[in-house]
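Asks: Okay, so here is data-v8.txt, and as you'll see once you scroll down, it has compact mmCIF, C-alpha atoms.
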# COMPACT_ATOMS: atom_id res chain seq x y z
CA MET A 278 -42.08 -1.95 -8.73
CA ALA A 279 -38.46 -2.93 -9.45
CA LEU A 280 -37.28 -2.68 -13.02
CA PRO A 281 -36.18 -5.88 -14.77
CA PRO A 282 -32.46 -6.57 -14.90
CA PRO A 283 -30.60 -5.14 -17.91
CA ASP A 284 -29.94 -7.27 -20.96
CA PRO A 285 -26.64 -7.56 -22.81
CA GLN A 286 -26.17 -5.18 -25.73
CA PHE A 287 -25.58 -8.32 -27.79
CA VAL A 288 -24.33 -11.89 -27.45
CA LEU A 289 -21.62 -13.66 -29.43
CA ARG A 290 -22.22 -17.31 -30.20
CA GLY A 291 -20.21 -19.81 -32.17
CA THR A 292 -17.27 -20.88 -30.01
CA SER A 293 -18.84 -24.34 -29.48
CA ALA A 294 -16.86 -24.55 -26.23
CA GLU A 295 -16.40 -22.93 -22.84
CA VAL A 296 -14.93 -19.42 -23.06
CA HIS A 297 -11.98 -19.09 -20.68
CA THR A 298 -10.38 -15.78 -21.60
CA LEU A 299 -11.18 -12.48 -23.33
CA HIS A 300 -9.12 -9.52 -24.50
CA PHE A 301 -10.17 -6.34 -26.31
CA TYR A 302 -8.08 -4.38 -28.77
CA CYS A 303 -9.49 -0.93 -29.53
CA ARG A 304 -6.73 1.10 -31.16
CA GLY A 305 -7.25 -0.07 -34.72
CA GLN A 306 -8.33 1.56 -37.96
CA GLU A 307 -11.96 1.47 -36.86
CA PRO A 308 -11.84 2.60 -33.23
CA ASP A 309 -15.63 2.60 -32.93
CA TYR A 310 -15.64 -1.17 -33.34
CA PRO A 311 -13.01 -2.86 -31.21
CA ILE A 312 -11.72 -6.36 -31.85
CA LEU A 313 -12.34 -9.01 -29.23
CA PHE A 314 -10.11 -12.05 -28.86
CA SER A 315 -11.52 -15.09 -27.05
CA GLY A 316 -9.85 -18.33 -25.99
CA SER A 317 -11.85 -21.51 -25.51
CA SER A 318 -11.64 -24.93 -23.91
CA ASN A 319 -11.39 -26.60 -27.35
CA GLY A 320 -8.03 -24.93 -28.03
CA LEU A 321 -9.35 -22.34 -30.48
CA ILE A 322 -8.93 -18.56 -30.45
CA HIS A 323 -11.71 -16.55 -32.08
CA VAL A 324 -11.07 -13.05 -33.41
CA TRP A 325 -14.42 -11.24 -33.25
CA ASN A 326 -15.39 -8.25 -35.37
CA LEU A 327 -17.74 -6.30 -33.10
CA LYS A 328 -19.09 -4.26 -36.03
CA THR A 329 -20.47 -7.34 -37.77
CA ARG A 330 -20.70 -9.30 -34.50
CA ARG A 331 -19.17 -12.26 -36.27
CA VAL A 332 -15.89 -14.14 -36.23
CA ASP A 333 -13.22 -12.78 -38.58
CA THR A 334 -10.60 -15.45 -37.92
CA ILE A 335 -10.20 -18.70 -35.98
CA LEU A 336 -6.71 -19.57 -34.74
CA ASP A 337 -5.77 -23.15 -33.95
CA GLY A 338 -2.35 -23.53 -32.38
CA HIS A 339 -2.75 -25.31 -29.05
CA GLY A 340 -3.48 -28.87 -30.13
CA GLY A 341 -7.06 -28.87 -28.93
CA LYS A 342 -6.01 -27.96 -25.37
CA SER A 343 -7.79 -25.16 -23.50
CA VAL A 344 -6.65 -21.59 -24.18
CA TYR A 345 -6.82 -19.54 -20.99
CA TRP A 346 -4.88 -16.32 -21.73
CA VAL A 347 -4.73 -14.05 -24.79
CA GLU A 348 -3.27 -10.57 -25.12
CA ALA A 349 -2.41 -8.32 -28.05
CA ILE A 350 1.20 -7.21 -28.20
CA ASN A 351 2.50 -4.30 -30.28
CA GLY A 352 -0.79 -3.72 -32.10
CA ARG A 353 -3.69 -5.84 -33.22
CA ASP A 354 -1.57 -7.94 -35.59
CA ARG A 355 0.53 -9.61 -32.89
CA LEU A 356 -1.10 -11.83 -30.30
CA LEU A 357 0.13 -13.93 -27.40
CA SER A 358 -1.89 -16.98 -26.37
CA GLN A 359 -1.36 -19.50 -23.58
CA GLY A 360 -2.80 -23.00 -23.56
CA ARG A 361 -2.93 -26.20 -21.57
CA ASN A 362 -0.51 -27.73 -24.05
CA GLN A 363 2.18 -25.87 -22.04
CA GLN A 364 2.82 -23.44 -24.90
CA ILE A 365 2.66 -19.67 -25.11
CA CYS A 366 2.36 -18.80 -28.80
CA LEU A 367 3.17 -15.57 -30.60
CA TRP A 368 0.86 -15.07 -33.58
CA ASP A 369 1.36 -12.97 -36.72
CA LEU A 370 -2.07 -11.75 -37.81
CA ALA A 371 -0.96 -9.04 -40.25
CA GLU A 372 -2.40 -8.95 -43.77
CA GLY A 373 -4.66 -11.92 -43.20
CA ARG A 374 -1.94 -14.21 -41.86
CA ASN A 375 -2.63 -16.49 -38.89
CA THR A 376 0.70 -18.15 -38.21
CA VAL A 377 2.63 -18.90 -35.04
CA THR A 378 6.04 -17.22 -35.40
CA ASP A 379 7.48 -18.08 -31.99
CA SER A 380 6.59 -19.94 -28.80
CA VAL A 381 7.65 -20.50 -25.21
CA PHE A 382 7.36 -23.84 -23.40
CA THR A 383 5.99 -23.18 -19.91
CA GLU A 384 6.85 -26.52 -18.24
CA ASN A 385 3.70 -26.04 -16.14
CA VAL A 386 0.34 -27.77 -16.45
CA GLY A 387 -1.72 -25.46 -14.21
CA PHE A 388 -4.24 -22.76 -15.10
CA CYS A 389 -2.18 -19.74 -14.00
CA LYS A 390 -2.48 -17.01 -16.64
CA SER A 391 0.62 -15.13 -17.67
CA SER A 392 0.97 -11.36 -17.30
CA LEU A 393 2.46 -8.86 -19.76
CA LEU A 394 3.99 -5.43 -19.09
CA LYS A 395 5.43 -3.01 -21.64
CA VAL A 396 8.69 -1.64 -20.21
CA ALA A 397 10.13 0.17 -23.25
CA GLN A 398 9.33 0.71 -26.91
CA GLY A 399 9.39 -2.75 -28.47
CA HIS A 400 10.18 -4.48 -25.18
CA TRP A 401 7.97 -6.31 -22.69
CA LEU A 402 8.21 -8.41 -19.57
CA MET A 403 6.17 -11.58 -19.36
CA ALA A 404 5.56 -13.40 -16.07
CA MET A 405 4.47 -17.02 -16.34
CA PRO A 406 4.28 -20.09 -14.10
CA GLY A 407 7.70 -21.73 -13.74
CA LYS A 408 9.04 -25.25 -13.90
CA ASP A 409 8.62 -26.00 -10.18
CA LEU A 410 5.07 -25.82 -8.88
CA ASP A 411 5.71 -22.76 -6.70
CA GLU A 412 7.88 -20.84 -9.20
CA VAL A 413 7.19 -17.83 -11.39
CA GLN A 414 9.45 -17.20 -14.39
CA VAL A 415 9.87 -13.69 -15.82
CA LEU A 416 11.11 -13.30 -19.40
CA GLU A 417 12.02 -10.31 -21.54
CA LEU A 418 10.28 -10.18 -24.91
CA PRO A 419 10.95 -10.47 -27.77
CA SER A 420 14.35 -11.95 -26.84
CA LYS A 421 12.85 -14.54 -24.40
CA THR A 422 15.80 -13.85 -22.10
CA SER A 423 15.23 -14.89 -18.49
CA VAL A 424 15.01 -11.87 -16.17
CA CYS A 425 14.48 -13.74 -12.91
CA THR A 426 12.92 -16.79 -11.31
CA LEU A 427 10.75 -16.04 -8.29
CA LYS A 428 10.69 -18.90 -5.83
CA PRO A 429 9.47 -18.59 -2.21
CA GLU A 430 11.68 -19.78 0.62
CA ALA A 431 11.28 -23.45 1.47
CA ASP A 432 9.40 -22.72 4.71
CA ALA A 433 6.94 -20.27 3.07
CA LYS A 434 4.92 -22.98 1.31
CA PRO A 435 2.33 -20.80 -0.50
CA GLY A 436 1.64 -23.55 -3.01
CA MET A 437 1.19 -22.92 -6.72
CA PRO A 438 0.84 -19.43 -8.19
CA MET A 439 -2.77 -19.09 -9.38
CA CYS A 440 -2.78 -15.58 -10.91
CA LEU A 441 -0.17 -12.94 -11.80
CA LYS A 442 -0.07 -9.16 -12.32
CA LEU A 443 3.04 -7.27 -13.46
CA TRP A 444 3.00 -3.53 -12.78
CA GLN A 445 5.24 -0.52 -12.32
CA PRO A 446 4.59 2.75 -10.46
CA ASP A 447 5.68 4.83 -13.45
CA PHE A 448 6.75 3.97 -16.98
CA GLY A 449 10.46 3.21 -16.90
CA SER A 450 10.56 2.55 -13.16
CA CYS A 451 11.38 -0.73 -11.45
CA PRO A 452 8.65 -3.32 -12.15
CA PHE A 453 6.95 -5.46 -9.52
CA LEU A 454 4.86 -8.60 -9.58
CA LEU A 455 1.76 -9.40 -7.56
CA ALA A 456 0.98 -13.10 -7.38
CA GLY A 457 -1.99 -14.90 -5.87
CA TYR A 458 -1.25 -18.35 -4.48
CA GLU A 459 -2.89 -21.64 -3.70
CA ASP A 460 -2.83 -21.02 0.07
CA GLY A 461 -4.95 -17.85 -0.29
CA SER A 462 -2.09 -15.36 0.02
CA VAL A 463 -1.03 -12.49 -2.23
CA ILE A 464 2.71 -11.84 -2.51
CA LEU A 465 4.47 -8.68 -3.76
CA TRP A 466 7.76 -9.47 -5.52
CA ASN A 467 10.60 -7.08 -6.38
CA LEU A 468 11.87 -8.20 -9.79
CA SER A 469 15.24 -6.47 -9.53
CA GLY A 470 16.22 -8.53 -6.49
CA GLY A 471 13.87 -11.46 -6.88
CA LYS A 472 12.77 -10.98 -3.27
CA ILE A 473 9.43 -10.97 -1.47
CA LEU A 474 8.56 -7.48 -0.26
CA SER A 475 5.26 -8.35 1.40
CA ARG A 476 2.92 -11.29 1.87
CA LEU A 477 -0.74 -10.99 2.83
CA ALA A 478 -3.19 -13.73 3.79
CA CYS A 479 -6.27 -12.59 1.86
CA HIS A 480 -8.36 -15.74 1.56
CA GLN A 481 -8.95 -19.12 3.15
CA GLU A 482 -9.01 -20.75 -0.28
CA PRO A 483 -6.83 -20.41 -3.44
CA VAL A 484 -6.71 -16.95 -5.02
CA MET A 485 -8.40 -17.43 -8.39
CA SER A 486 -7.87 -13.93 -9.78
CA LEU A 487 -6.55 -10.47 -8.95
CA ASP A 488 -6.24 -7.01 -10.46
CA PHE A 489 -4.32 -3.95 -9.33
CA ASP A 490 -4.79 -0.18 -9.58
CA SER A 491 -1.24 1.21 -9.65
CA GLU A 492 -2.49 4.82 -9.38
CA LYS A 493 -4.24 4.22 -6.07
CA THR A 494 -1.85 1.36 -5.11
CA LYS A 495 -4.71 -0.91 -4.20
CA GLY A 496 -5.88 -4.19 -5.63
CA VAL A 497 -8.64 -6.74 -5.46
CA SER A 498 -8.71 -10.52 -5.35
CA GLY A 499 -11.31 -13.25 -5.57
CA SER A 500 -11.14 -16.89 -4.59
CA SER A 501 -13.14 -20.09 -4.55
CA GLU A 502 -14.80 -18.85 -1.35
CA GLU A 503 -17.53 -16.19 -1.05
CA VAL A 504 -15.27 -13.24 -0.21
CA LEU A 505 -14.05 -10.42 -2.44
CA THR A 506 -11.02 -8.73 -0.83
CA VAL A 507 -9.62 -5.25 -1.48
CA TRP A 508 -6.08 -4.65 -0.27
CA SER A 509 -3.66 -1.74 -0.44
CA LEU A 510 0.06 -1.15 -0.62
CA ASP A 511 1.53 1.44 1.78
CA GLU A 512 4.66 3.54 1.29
CA GLN A 513 6.75 0.86 3.00
CA GLN A 514 5.50 -1.62 0.39
CA ASN A 515 3.44 -3.58 2.89
CA LEU A 516 0.20 -5.19 1.75
CA LYS A 517 -2.80 -4.64 4.03
CA VAL A 518 -6.43 -5.70 3.79
CA GLN A 519 -8.57 -2.60 3.20
CA LYS A 520 -12.05 -4.04 2.81
CA THR A 521 -13.92 -7.27 2.18
CA HIS A 522 -17.31 -7.95 0.61
CA LYS A 523 -19.10 -11.20 1.33
CA LEU A 524 -21.20 -12.89 -1.33
CA VAL A 525 -23.86 -15.49 -0.63
CA ASN A 526 -22.59 -17.72 -3.44
CA ALA A 527 -18.98 -18.87 -3.43
CA GLY A 528 -16.54 -18.69 -6.33
CA ILE A 529 -15.06 -15.70 -8.15
CA ALA A 530 -13.36 -16.84 -11.35
CA ASP A 531 -12.14 -13.43 -12.53
CA VAL A 532 -11.94 -9.76 -11.52
CA ALA A 533 -11.29 -6.70 -13.68
CA ILE A 534 -10.95 -3.01 -12.82
CA ARG A 535 -12.09 -0.75 -15.65
CA GLN A 536 -9.35 1.47 -17.10
CA ASP A 537 -10.93 4.67 -15.73
CA LYS A 538 -10.74 3.15 -12.23
CA LYS A 539 -14.43 3.78 -11.57
CA ILE A 540 -15.93 0.30 -11.54
CA LEU A 541 -14.97 -3.31 -10.93
CA ALA A 542 -16.50 -6.41 -12.52
CA THR A 543 -16.40 -9.97 -11.18
CA ALA A 544 -17.13 -13.28 -12.90
CA GLY A 545 -19.05 -15.68 -10.68
CA TRP A 546 -19.35 -19.42 -10.43
CA ASP A 547 -23.05 -18.69 -9.77
CA HIS A 548 -23.45 -17.60 -13.44
CA ARG A 549 -23.55 -13.87 -12.54
CA ILE A 550 -21.49 -10.80 -13.32
CA ARG A 551 -21.31 -8.32 -10.45
CA ILE A 552 -20.50 -4.64 -10.82
CA PHE A 553 -19.03 -2.62 -7.94
CA GLY A 554 -17.91 0.95 -7.51
CA TRP A 555 -14.14 0.74 -7.24
CA LYS A 556 -13.73 3.64 -4.78
CA LYS A 557 -15.77 2.12 -1.94
CA LEU A 558 -16.63 -1.35 -3.30
CA LYS A 559 -20.29 -0.36 -3.42
CA PRO A 560 -22.46 -3.00 -5.15
CA LEU A 561 -24.01 -1.39 -8.23
CA ALA A 562 -25.61 -4.15 -10.28
CA ILE A 563 -25.92 -7.87 -10.88
CA LEU A 564 -25.95 -8.90 -14.54
CA ASP A 565 -27.81 -12.17 -14.66
CA TYR A 566 -27.74 -13.58 -18.19
CA HIS A 567 -25.54 -16.67 -18.36
CA THR A 568 -26.74 -20.20 -17.57
CA ALA A 569 -23.40 -21.55 -16.31
CA THR A 570 -20.18 -20.39 -14.62
CA VAL A 571 -18.82 -17.07 -15.89
CA HIS A 572 -15.11 -17.73 -16.40
CA CYS A 573 -13.83 -14.29 -17.43
CA VAL A 574 -14.61 -10.58 -17.71
CA SER A 575 -12.82 -7.90 -19.72
CA PHE A 576 -13.30 -4.16 -20.31
CA SER A 577 -12.55 -2.45 -23.59
CA ASP A 578 -10.21 0.57 -23.47
CA HIS A 579 -11.91 2.65 -26.14
CA SER A 580 -10.65 6.24 -26.30
CA ARG A 581 -14.21 7.53 -25.81
CA PRO A 582 -15.50 6.42 -22.39
CA SER A 583 -19.10 6.23 -23.59
CA GLU A 584 -18.10 3.56 -26.12
CA ARG A 585 -16.41 1.25 -23.63
CA LEU A 586 -17.82 -2.24 -23.31
CA LEU A 587 -17.73 -5.11 -20.86
CA ALA A 588 -17.43 -8.66 -22.16
CA ALA A 589 -18.06 -11.84 -20.18
CA GLY A 590 -17.25 -15.40 -21.25
CA SER A 591 -19.00 -18.43 -19.85
CA LYS A 592 -19.10 -22.18 -19.58
CA ASP A 593 -22.36 -21.93 -21.56
CA HIS A 594 -20.27 -21.22 -24.74
CA ARG A 595 -21.55 -17.63 -25.00
CA ILE A 596 -19.91 -14.20 -24.73
CA SER A 597 -22.17 -11.44 -23.46
CA ILE A 598 -21.36 -7.82 -24.39
CA TRP A 599 -22.60 -5.05 -22.10
CA SER A 600 -22.67 -1.28 -22.43
CA ILE A 601 -22.85 0.04 -18.88
CA TYR A 602 -21.38 3.52 -19.10
CA ASN A 603 -23.27 6.80 -19.01
CA GLN A 604 -21.07 9.60 -20.31
CA ALA A 605 -22.60 12.29 -18.13
CA SER A 606 -22.06 10.54 -14.82
CA GLY A 607 -19.68 7.70 -15.54
CA ALA A 608 -22.25 5.46 -13.89
CA LEU A 609 -24.15 2.40 -14.95
CA HIS A 610 -27.07 2.61 -17.35
CA CYS A 611 -28.98 0.23 -15.08
CA PRO A 612 -30.40 1.79 -11.89
CA LEU A 613 -29.76 0.31 -8.49
CA GLU A 614 -33.29 -1.08 -8.39
CA THR A 615 -32.19 -3.68 -10.92
CA ARG A 616 -30.00 -5.40 -8.35
CA LYS A 617 -31.16 -8.86 -7.50
CA PRO A 618 -30.63 -10.46 -4.12
CA ASP A 619 -28.00 -13.16 -3.89
Would you mind writing the file's structure down as structure tokens?

Replies:
Amino acid sequence: MALPPPDPQFVLRGTSAEVHTLHFYCRGQEPDYPILFSGSSNGLIHVWNLKTRRVDTILDGHGGKSVYWVEAINGRDRLLSQGRNQQICLWDLAEGRNTVTDSVFTENVGFCKSSLLKVAQGHWLMAMPGKDLDEVQVLELPSKTSVCTLKPEADAKPGMPMCLKLWQPDFGSCPFLLAGYEDGSVILWNLSGGKILSRLACHQEPVMSLDFDSEKTKGVSGSSEEVLTVWSLDEQQNLKVQKTHKLVNAGIADVAIRQDKKILATAGWDHRIRIFGWKKLKPLAILDYHTATVHCVSFSDHSRPSERLLAAGSKDHRISIWSIYNQASGALHCPLETRKPD
């Protein structure tokens, strides 16, 4: 007899709105209890204390417009947030403060999340959707100086950028950008020259999310269709499809590779979180808790692997927290028999 599906370790309630983005910060004074930032459709950012499982702070800086990207910068006391009010805000959260100290106007009304990359001590690159529908703008932070504007040739016509991922092969080396577009393609950009290095048709529908493993130079993307695509980057910097996995139910809102590069999580329009082995894209488990679309998934980067968590945010206003790591094997707590058919 098959075992029942696993339950979340706990559930966070209280956003009173759809949860569109999640971000862990684990390198604080209490490393056993990471902080979780969540952004919601009502324009609020909740700062969750996972020791008490309650909200420590609520940030309101996007005029009631949906917040769809949050990321800590330079410690837990500095936070970037992006909202549908066309603003990216920099928050000062030190010593109980919750003030916006700086902001960037994005000139874009889409849902494309920005991407952040630390390039030197105290310096970051931030990629964000640009003024024109098909543009990506890259800024240096904290100066907000423009590094480059990435715009496809007129005959390329990939449509709007839907998701972005800045990366570099080694710290201090030349950074690159991977961008998923409305036409279903993934494009690799060289930031130093502002040129396209490779373009790959991954999906028939818009690319909703992507993540990239710079160590293995392979990435994964999901779209509004029922296909999860793994692609790789060869030594000539050409993107190639490596493997695809077909789901019965269409719609992957988010993908995330865990920091140890062992597993991959997807957020499904069908209310489910799917866990795959990253090496071979082997299906490991289906986490079936939410009652509406799962918008986002995020892994914590706790220094002790056994303490790492998975968080999922949903249209049902809830955030589910899962502990799915077994220290001995690096595998899931839940056995394969818990998988449910699509």

Asks: Skipping near chain neighbours, those fewer than 2 positions away, what residues fall within 10 Å of segment 328-339 of chain A using all atoms listed in the file, listed as an MDAnalysis selection string?

Replies: chainID A and resid 287:292 307 309:316 319:326 341:344 358:368 370 373:377

Asks: Near segment 457-459 of chain A, counting all atoms listed in the file, which residues have an atom at most 8 Å away, once you skip same-chain residues fewer than 5 positions from it, shown as a compact mmCIF listing (two decimals) with C-alpha atoms, in the coordinates of the input?

Replies:
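Resulting contents of around_7.txt:
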# COMPACT_ATOMS: atom_id res chain seq x y z
CA PRO A 435 2.33 -20.80 -0.50
CA GLY A 436 1.64 -23.55 -3.01
CA MET A 437 1.19 -22.92 -6.72
CA PRO A 438 0.84 -19.43 -8.19
CA MET A 439 -2.77 -19.09 -9.38
CA CYS A 440 -2.78 -15.58 -10.91
CA LEU A 441 -0.17 -12.94 -11.80
CA ILE A 464 2.71 -11.84 -2.51
CA GLU A 482 -9.01 -20.75 -0.28
CA PRO A 483 -6.83 -20.41 -3.44
CA VAL A 484 -6.71 -16.95 -5.02
CA MET A 485 -8.40 -17.43 -8.39
CA SER A 486 -7.87 -13.93 -9.78
CA LEU A 487 -6.55 -10.47 -8.95

Asks: So how many Å separate atom CA of Pro419 of chain A and atom CA of Val296 of chain A, to one decimal?

Replies: 27.8 Å

Asks: One decimal, in Å: what's the spacing between atom CA of Leu541 of chain A and atom CA of Leu477 of chain A?

Replies: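 These two atoms are separated by 21.2 Å.
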
Asks: May I ask which of the residues A:His297, A:Lys557, A:Arg304, A:Arg353 is the closest one to Ala544 of chain A, counting only C-alpha atoms?

Replies: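 Looking at the shortest contact to Ala544 of chain A, the residue is A:His297.
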
Asks: As an exercise, work out the distance from atom CA of Ser509 of chain A to atom CA of Phe489 of chain A in Å and give it to one decimal place.

Replies: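 Taking atom CA of Ser509 of chain A as the start and atom CA of Phe489 of chain A as the end point, the length is 9.2 Å.
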
Asks: Hey, what's within 8 Å of segment 442-455 of chain A if we count only C-alpha atoms and toss same-chain stuff fewer than 3 positions away? As number ranges by chain, please?

Replies: A: 392-394, 396-397, 403-404, 463-469, 487-489, 491-492

Asks: I need the residue nearest Lys556 of chain A from this list: A:Lys523, A:Asp511, A:Ile601, A:Lys495. Use all atoms listed in the file for the distance.

Replies: A:Lys495

Asks: Could you tell me, as a compact mmCIF listing (two decimals) with C-alpha atoms, keeping the file's coordinate frame, which residues have any atom at most 8 Å from (10.5, -27.6, -17.6), counting all atoms listed in the file?

Replies:
# COMPACT_ATOMS: atom_id res chain seq x y z
CA PHE A 382 7.36 -23.84 -23.40
CA THR A 383 5.99 -23.18 -19.91
CA GLU A 384 6.85 -26.52 -18.24
CA ASN A 385 3.70 -26.04 -16.14
CA GLY A 407 7.70 -21.73 -13.74
CA LYS A 408 9.04 -25.25 -13.90
CA ASP A 409 8.62 -26.00 -10.18

Asks: So that I can check the surroundings of Cys573 of chain A, please list as a compact mmCIF listing (two decimals) with C-alpha atoms, keeping the file's coordinate frame every protein, DNA and RNA residue that reaches within 10 Å of it, counting all atoms listed in the file and ignoring chain neighbours fewer than 2 positions away.

Replies:
# COMPACT_ATOMS: atom_id res chain seq x y z
CA VAL A 296 -14.93 -19.42 -23.06
CA HIS A 297 -11.98 -19.09 -20.68
CA THR A 298 -10.38 -15.78 -21.60
CA LEU A 299 -11.18 -12.48 -23.33
CA HIS A 300 -9.12 -9.52 -24.50
CA SER A 315 -11.52 -15.09 -27.05
CA TYR A 345 -6.82 -19.54 -20.99
CA SER A 486 -7.87 -13.93 -9.78
CA ILE A 529 -15.06 -15.70 -8.15
CA ALA A 530 -13.36 -16.84 -11.35
CA ASP A 531 -12.14 -13.43 -12.53
CA VAL A 532 -11.94 -9.76 -11.52
CA ALA A 533 -11.29 -6.70 -13.68
CA ALA A 542 -16.50 -6.41 -12.52
CA THR A 543 -16.40 -9.97 -11.18
CA ALA A 544 -17.13 -13.28 -12.90
CA GLY A 545 -19.05 -15.68 -10.68
CA ILE A 550 -21.49 -10.80 -13.32
CA THR A 570 -20.18 -20.39 -14.62
CA VAL A 571 -18.82 -17.07 -15.89
CA SER A 575 -12.82 -7.90 -19.72
CA ALA A 588 -17.43 -8.66 -22.16
CA ALA A 589 -18.06 -11.84 -20.18
CA GLY A 590 -17.25 -15.40 -21.25
CA SER A 591 -19.00 -18.43 -19.85
CA LYS A 592 -19.10 -22.18 -19.58
CA ILE A 596 -19.91 -14.20 -24.73

Asks: So that I can check the surroundings of Gly352 of chain A, please list as a ChimeraX atom specification every protein, DNA and RNA residue that reaches within 12 Å of it, counting all atoms listed in the file and ignoring chain neighbours fewer than 2 positions away.

Replies: /A:301-306,312,348-350,354-357,368-371,399

Asks: Given the choices A:Leu418, A:Ser293, A:Pro429, A:Pro283, which gets closest to Asp593 of chain A if the distance is worked out from all atoms listed in the file?

Replies: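 Comparing A:Leu418, A:Ser293, A:Pro429, A:Pro283 against Asp593 of chain A, the winner is A:Ser293.
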
Asks: For Ser498 of chain A, which of A:Asn526, A:Ser462, A:Asn515, A:Ser318 is the closest residue, counting all atoms listed in the file?

Replies: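 Selected residue with least distance to Ser498 of chain A: A:Ser462.
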
Asks: Taking all atoms listed in the file into account, name the residue in A:Thr521, A:Ser600, A:Ser391, A:Thr426 that is nearest to Glu584 of chain A.

Replies: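 The shortest atom-to-atom distance to Glu584 of chain A comes from A:Ser600.
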